[in-house]
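Below is one structure, written out as structure tokens; comments come after it.
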Amino acid sequence: MSLVSVCSVAASPGVTTTALAIGWCWPTVTGRGVVIVDADPSGSGFLPGYLRGANPPSGGVLRLAAGPGELTAEVVLEHCIALGGEQDRLLLLGVTAALEARALSRIWQTLVGLIPDFDTLGIDVLVDVGRIEHVLEPTVLLEQAGAAVLATRSTLAGVMTGLAGLDRLRRLRGPVRSTSALLVGEGRPYSAADVRRELGVPTLPVLTWDPRAAARIEAGEDLRRGALARSALLRSATAAVDAVRPAALDLAGGGR
Ligand SMILES: Nc1ncnc2c1ncn2[C@@H]1O[C@H](COP(=O)(O)OP(=O)(O)O)[C@@H](O)[C@H]1O
Ligand SMILES: [Mg+2]
């Protein structure tokens with residue numbers, strides 16, 4: 001199943017930047033595409049930068065939820081904006097405030113049901129779930145994703161809440177579905193090796209701590225532009241994709 005949910009825990013901000021960086025670096029060369037879905041009920045981290053000039057009036061998840069007729073994968077795609085000019089990396093913008101997220105509980109269930117259709121279209125779906133255990137958490141996206149990735153920081157608080165978060169995800173998802181962690185900035189102060197050991201995970205992809213690139217991503221800058229494209233953050237995201245994607249697409253067993 002090609003649904004990947006990226007989430008965070010209290011004390012570990014960074015999930016939106018991580019989702020966008022990973023989504024941007026998701027390979028599309030084999031004719032596949034990726035849709036990044038902003039499902040964070042607390043309000044979009046994408047909106048301020050990505051609305052600027054690019055958002056069609058019909059766009060975003062609220063318009064999608066309010067739209068008439070049957071919700072299909074094609075209709076979801078019509079409500080996305082393109083990242084970087086091509087149609088192979090799309091972004092479905094989310095809500096601006098938690099108040100709006102109340103209207104969305106049903107749409108996440110529907111989205112999960114559409115994953116086989118996205119698969120047929122050659123599209124992987126990568127979701128920014130936001131911080132888990134939010135009162136409006138879209139739990140179905142955590143439960144049903146082929147892979148759930150918990151982004152955490154290398155602070156003591158990040159590791160402690162990360163441990164509890166992984167535990168909850170594993171209980172929610174069972175032993176078969178892939179549940180993993182990703183580190184946002186190592187050595188701040190703990191090393192990736194220390195965090196990996198404390199979290200008890202076999203591997204721990206690391207996104208480089210790169211405030212300049214993170215700020216540019218947040219501002220909605222063109223990800224193809226030289227300095228950003230070559231940034232340590234996006235280079236580390238490419239490596240993280242290689243760690244996350246096989247489990248998400250069930251490639252490990254020699255599938256697709
Ligand atoms: N890898 C990173 N390097 C440096 N700063 C980062 C990185 N990831 C996120 N940040 C910064 O941390 C802050 C919170 O990031 P964001 O992705 O919006 O977190 P969340 O979605 O969890 O609230 C932002 O200012 C962002 O620029
Ligand atoms: Mg966010």
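Following the order of the structure tokens, chains are lettered A, B, ..., residues in each are numbered from 1, and ligands are numbered from 1.
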Out of segment 60-222 of chain A, which residues get helix (DSSP H, G or I) from DSSP, as an mmCIF file with C-alpha atoms, in the first residue's frame?
```cif
data_model
loop_
_atom_site.group_PDB
_atom_site.id
_atom_site.type_symbol
_atom_site.label_atom_id
_atom_site.label_comp_id
_atom_site.auth_asym_id
_atom_site.auth_seq_id
_atom_site.Cartn_x
_atom_site.Cartn_y
_atom_site.Cartn_z
ATOM 1 C CA VAL A 61 -8.738 19.846 1.584
ATOM 2 C CA LEU A 62 -11.619 22.013 2.824
ATOM 3 C CA ARG A 63 -12.835 22.637 -0.716
ATOM 4 C CA LEU A 64 -12.411 18.949 -1.380
ATOM 5 C CA ALA A 65 -14.534 18.052 1.643
ATOM 6 C CA ALA A 66 -17.216 20.568 0.688
ATOM 7 C CA ALA A 73 -8.616 9.955 -6.723
ATOM 8 C CA GLU A 74 -8.942 12.224 -9.782
ATOM 9 C CA VAL A 75 -11.025 14.731 -7.828
ATOM 10 C CA VAL A 76 -8.390 14.776 -5.069
ATOM 11 C CA LEU A 77 -5.713 15.522 -7.687
ATOM 12 C CA GLU A 78 -7.768 18.426 -9.062
ATOM 13 C CA ALA A 98 -8.070 23.391 14.215
ATOM 14 C CA LEU A 99 -11.641 24.675 14.117
ATOM 15 C CA GLU A 100 -11.815 23.815 10.414
ATOM 16 C CA ALA A 101 -10.425 20.314 10.953
ATOM 17 C CA ARG A 102 -13.623 19.199 12.666
ATOM 18 C CA ALA A 103 -15.227 18.979 9.240
ATOM 19 C CA LEU A 104 -12.615 16.549 7.949
ATOM 20 C CA SER A 105 -12.899 13.334 9.922
ATOM 21 C CA ARG A 106 -14.786 11.524 7.144
ATOM 22 C CA ILE A 107 -12.502 12.618 4.351
ATOM 23 C CA TRP A 108 -9.467 10.844 5.807
ATOM 24 C CA GLN A 109 -11.354 7.566 5.886
ATOM 25 C CA THR A 110 -12.345 8.133 2.251
ATOM 26 C CA LEU A 111 -8.740 8.932 1.307
ATOM 27 C CA VAL A 112 -7.565 5.625 2.759
ATOM 28 C CA GLY A 113 -10.193 3.858 0.657
ATOM 29 C CA LEU A 114 -8.860 5.619 -2.470
ATOM 30 C CA ILE A 115 -5.261 4.434 -2.008
ATOM 31 C CA PRO A 116 -5.664 1.440 -4.403
ATOM 32 C CA ASP A 117 -6.930 3.914 -7.052
ATOM 33 C CA PHE A 118 -3.932 6.186 -6.494
ATOM 34 C CA ASP A 119 -1.773 3.115 -6.822
ATOM 35 C CA THR A 120 -3.349 2.302 -10.171
ATOM 36 C CA THR A 139 -6.075 8.336 13.467
ATOM 37 C CA VAL A 140 -7.159 6.305 10.440
ATOM 38 C CA LEU A 141 -4.184 7.699 8.499
ATOM 39 C CA LEU A 142 -1.826 6.434 11.199
ATOM 40 C CA GLU A 143 -3.605 3.101 11.513
ATOM 41 C CA GLN A 144 -3.878 2.231 7.837
ATOM 42 C CA LEU A 156 16.082 14.388 25.795
ATOM 43 C CA ALA A 157 12.434 15.482 25.509
ATOM 44 C CA GLY A 158 12.373 14.423 21.859
ATOM 45 C CA VAL A 159 13.682 10.960 22.681
ATOM 46 C CA MET A 160 11.333 10.461 25.628
ATOM 47 C CA THR A 161 8.199 11.544 23.794
ATOM 48 C CA GLY A 162 9.484 9.671 20.732
ATOM 49 C CA LEU A 163 9.624 6.416 22.695
ATOM 50 C CA ALA A 164 6.053 6.860 23.901
ATOM 51 C CA GLY A 165 4.933 7.828 20.392
ATOM 52 C CA LEU A 166 6.509 4.774 18.782
ATOM 53 C CA ASP A 167 4.923 2.585 21.406
ATOM 54 C CA ARG A 168 1.483 4.028 20.665
ATOM 55 C CA LEU A 169 1.939 3.708 16.892
ATOM 56 C CA ARG A 170 2.985 0.084 17.200
ATOM 57 C CA ARG A 171 -0.069 -0.716 19.304
ATOM 58 C CA LEU A 172 -2.295 1.107 16.848
ATOM 59 C CA ARG A 173 -0.776 -0.475 13.750
ATOM 60 C CA ALA A 192 22.010 9.604 15.913
ATOM 61 C CA ALA A 193 23.606 6.439 17.332
ATOM 62 C CA ASP A 194 22.529 7.365 20.871
ATOM 63 C CA VAL A 195 18.987 8.242 19.793
ATOM 64 C CA ARG A 196 18.681 5.088 17.698
ATOM 65 C CA ARG A 197 19.766 2.962 20.660
ATOM 66 C CA GLU A 198 17.418 4.710 23.089
ATOM 67 C CA LEU A 199 14.470 4.412 20.706
ATOM 68 C CA PRO A 211 17.962 26.216 9.286
ATOM 69 C CA ARG A 212 18.568 28.169 6.093
ATOM 70 C CA ALA A 213 17.090 25.517 3.819
ATOM 71 C CA ALA A 214 14.266 24.833 6.300
ATOM 72 C CA ALA A 215 13.322 28.525 6.292
ATOM 73 C CA ARG A 216 13.329 28.585 2.488
ATOM 74 C CA ILE A 217 11.101 25.532 2.340
ATOM 75 C CA GLU A 218 8.744 27.108 4.864
#
```
Please find the residues contacting ligand 2 at a distance of at most 12 Å between atoms, with only C-alpha atoms and all ligand atoms counted, and report them as a PyMOL selection string. chain A and resi 6-10+12-20+37-48+93-97+127-132+151+218
What would the file look like if the residues just selected were written as an mmCIF file, in the first residue's frame with N, CA and C atoms?
```
data_model
loop_
_atom_site.group_PDB
_atom_site.id
_atom_site.type_symbol
_atom_site.label_atom_id
_atom_site.label_comp_id
_atom_site.auth_asym_id
_atom_site.auth_seq_id
_atom_site.Cartn_x
_atom_site.Cartn_y
_atom_site.Cartn_z
ATOM 1 N N VAL A 6 3.624 10.638 7.960
ATOM 2 C CA VAL A 6 4.721 11.182 8.752
ATOM 3 C C VAL A 6 4.087 11.975 9.896
ATOM 4 N N CYS A 7 4.557 11.737 11.104
ATOM 5 C CA CYS A 7 3.951 12.394 12.259
ATOM 6 C C CYS A 7 5.038 12.814 13.247
ATOM 7 N N SER A 8 4.624 13.567 14.239
ATOM 8 C CA SER A 8 5.595 14.006 15.244
ATOM 9 C C SER A 8 4.998 13.826 16.629
ATOM 10 N N VAL A 9 5.816 14.101 17.609
ATOM 11 C CA VAL A 9 5.377 14.037 18.994
ATOM 12 C C VAL A 9 5.622 15.403 19.635
ATOM 13 N N ALA A 10 5.000 15.626 20.779
ATOM 14 C CA ALA A 10 5.233 16.878 21.504
ATOM 15 C C ALA A 10 6.733 17.052 21.719
ATOM 16 N N SER A 12 8.921 17.915 19.622
ATOM 17 C CA SER A 12 9.746 17.589 18.458
ATOM 18 C C SER A 12 9.204 18.191 17.174
ATOM 19 N N PRO A 13 9.187 19.511 17.052
ATOM 20 C CA PRO A 13 8.703 20.094 15.805
ATOM 21 C C PRO A 13 9.617 19.753 14.635
ATOM 22 N N GLY A 14 9.048 19.757 13.453
ATOM 23 C CA GLY A 14 9.835 19.482 12.242
ATOM 24 C C GLY A 14 9.115 18.600 11.245
ATOM 25 N N VAL A 15 7.879 18.160 11.542
ATOM 26 C CA VAL A 15 7.253 17.169 10.677
ATOM 27 C C VAL A 15 6.859 17.748 9.316
ATOM 28 N N THR A 16 6.417 18.996 9.273
ATOM 29 C CA THR A 16 5.995 19.562 7.988
ATOM 30 C C THR A 16 7.186 19.718 7.049
ATOM 31 N N THR A 17 8.272 20.241 7.573
ATOM 32 C CA THR A 17 9.494 20.384 6.768
ATOM 33 C C THR A 17 9.954 19.015 6.284
ATOM 34 N N THR A 18 9.889 18.041 7.185
ATOM 35 C CA THR A 18 10.317 16.675 6.844
ATOM 36 C C THR A 18 9.435 16.094 5.743
ATOM 37 N N ALA A 19 8.115 16.237 5.895
ATOM 38 C CA ALA A 19 7.198 15.671 4.894
ATOM 39 C C ALA A 19 7.428 16.313 3.532
ATOM 40 N N LEU A 20 7.621 17.620 3.541
ATOM 41 C CA LEU A 20 7.810 18.304 2.267
ATOM 42 C C LEU A 20 9.147 17.918 1.622
ATOM 43 N N VAL A 37 -0.056 15.243 1.338
ATOM 44 C CA VAL A 37 -1.344 15.672 1.887
ATOM 45 C C VAL A 37 -1.117 16.291 3.262
ATOM 46 N N ASP A 38 -1.576 17.512 3.427
ATOM 47 C CA ASP A 38 -1.471 18.174 4.724
ATOM 48 C C ASP A 38 -2.709 17.837 5.546
ATOM 49 N N ALA A 39 -2.541 16.892 6.479
ATOM 50 C CA ALA A 39 -3.681 16.456 7.304
ATOM 51 C C ALA A 39 -3.506 16.895 8.754
ATOM 52 N N ASP A 40 -2.607 17.849 8.985
ATOM 53 C CA ASP A 40 -2.374 18.304 10.363
ATOM 54 C C ASP A 40 -3.590 19.102 10.847
ATOM 55 N N PRO A 41 -4.325 18.571 11.843
ATOM 56 C CA PRO A 41 -5.542 19.259 12.275
ATOM 57 C C PRO A 41 -5.271 20.571 13.008
ATOM 58 N N SER A 42 -4.033 20.792 13.406
ATOM 59 C CA SER A 42 -3.771 22.007 14.184
ATOM 60 C C SER A 42 -3.560 23.227 13.286
ATOM 61 N N GLY A 43 -3.552 23.017 11.988
ATOM 62 C CA GLY A 43 -3.378 24.152 11.079
ATOM 63 C C GLY A 43 -2.144 23.944 10.229
ATOM 64 N N SER A 44 -2.235 24.390 8.995
ATOM 65 C CA SER A 44 -1.226 24.032 8.007
ATOM 66 C C SER A 44 0.098 24.746 8.197
ATOM 67 N N GLY A 45 1.172 23.974 8.113
ATOM 68 C CA GLY A 45 2.496 24.565 8.052
ATOM 69 C C GLY A 45 2.852 24.932 6.619
ATOM 70 N N PHE A 46 2.069 24.436 5.665
ATOM 71 C CA PHE A 46 2.384 24.702 4.260
ATOM 72 C C PHE A 46 1.758 26.005 3.767
ATOM 73 N N LEU A 47 0.630 26.367 4.375
ATOM 74 C CA LEU A 47 -0.168 27.425 3.784
ATOM 75 C C LEU A 47 0.549 28.753 3.554
ATOM 76 N N PRO A 48 1.232 29.291 4.556
ATOM 77 C CA PRO A 48 1.763 30.643 4.363
ATOM 78 C C PRO A 48 2.650 30.740 3.126
ATOM 79 N N LEU A 93 -3.242 21.167 0.069
ATOM 80 C CA LEU A 93 -3.133 22.062 1.222
ATOM 81 C C LEU A 93 -4.182 21.725 2.278
ATOM 82 N N GLY A 94 -3.832 22.036 3.532
ATOM 83 C CA GLY A 94 -4.697 21.668 4.645
ATOM 84 C C GLY A 94 -5.483 22.833 5.204
ATOM 85 N N VAL A 95 -5.873 22.695 6.457
ATOM 86 C CA VAL A 95 -6.687 23.725 7.097
ATOM 87 C C VAL A 95 -5.789 24.794 7.714
ATOM 88 N N THR A 96 -6.375 25.956 7.959
ATOM 89 C CA THR A 96 -5.590 27.021 8.585
ATOM 90 C C THR A 96 -5.684 26.967 10.111
ATOM 91 N N ALA A 97 -6.720 26.331 10.626
ATOM 92 C CA ALA A 97 -6.909 26.305 12.082
ATOM 93 C C ALA A 97 -7.668 25.044 12.478
ATOM 94 N N VAL A 127 1.553 11.665 3.784
ATOM 95 C CA VAL A 127 0.702 12.536 4.592
ATOM 96 C C VAL A 127 1.470 13.155 5.755
ATOM 97 N N ASP A 128 1.275 14.451 5.945
ATOM 98 C CA ASP A 128 1.741 15.138 7.153
ATOM 99 C C ASP A 128 0.588 15.092 8.157
ATOM 100 N N VAL A 129 0.714 14.213 9.146
ATOM 101 C CA VAL A 129 -0.362 14.021 10.123
ATOM 102 C C VAL A 129 -0.259 15.044 11.255
ATOM 103 N N GLY A 130 0.883 15.706 11.348
ATOM 104 C CA GLY A 130 1.083 16.620 12.474
ATOM 105 C C GLY A 130 1.437 15.857 13.739
ATOM 106 N N ARG A 131 1.220 16.490 14.853
ATOM 107 C CA ARG A 131 1.575 15.878 16.134
ATOM 108 C C ARG A 131 0.519 14.848 16.535
ATOM 109 N N ILE A 132 0.974 13.660 16.882
ATOM 110 C CA ILE A 132 0.001 12.630 17.252
ATOM 111 C C ILE A 132 -0.640 12.982 18.596
ATOM 112 N N ALA A 151 8.761 11.493 13.252
ATOM 113 C CA ALA A 151 9.920 12.406 13.213
ATOM 114 C C ALA A 151 10.169 12.938 14.623
ATOM 115 N N GLU A 218 9.913 26.566 4.163
ATOM 116 C CA GLU A 218 8.744 27.108 4.864
ATOM 117 C C GLU A 218 8.161 28.310 4.107
#
```
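Distances here use only C-alpha atoms and all ligand atoms; by that measure, the residue among A:Ile81, A:Ala227, A:Leu233, A:Ala240 closest to ligand 1 is A:Leu233.
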Interatomic distance between atom CA of Ala243 of chain A and atom CA of Trp26 of chain A?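 About the pair atom CA of Ala243 of chain A and atom CA of Trp26 of chain A: they are 11.2 Å apart.
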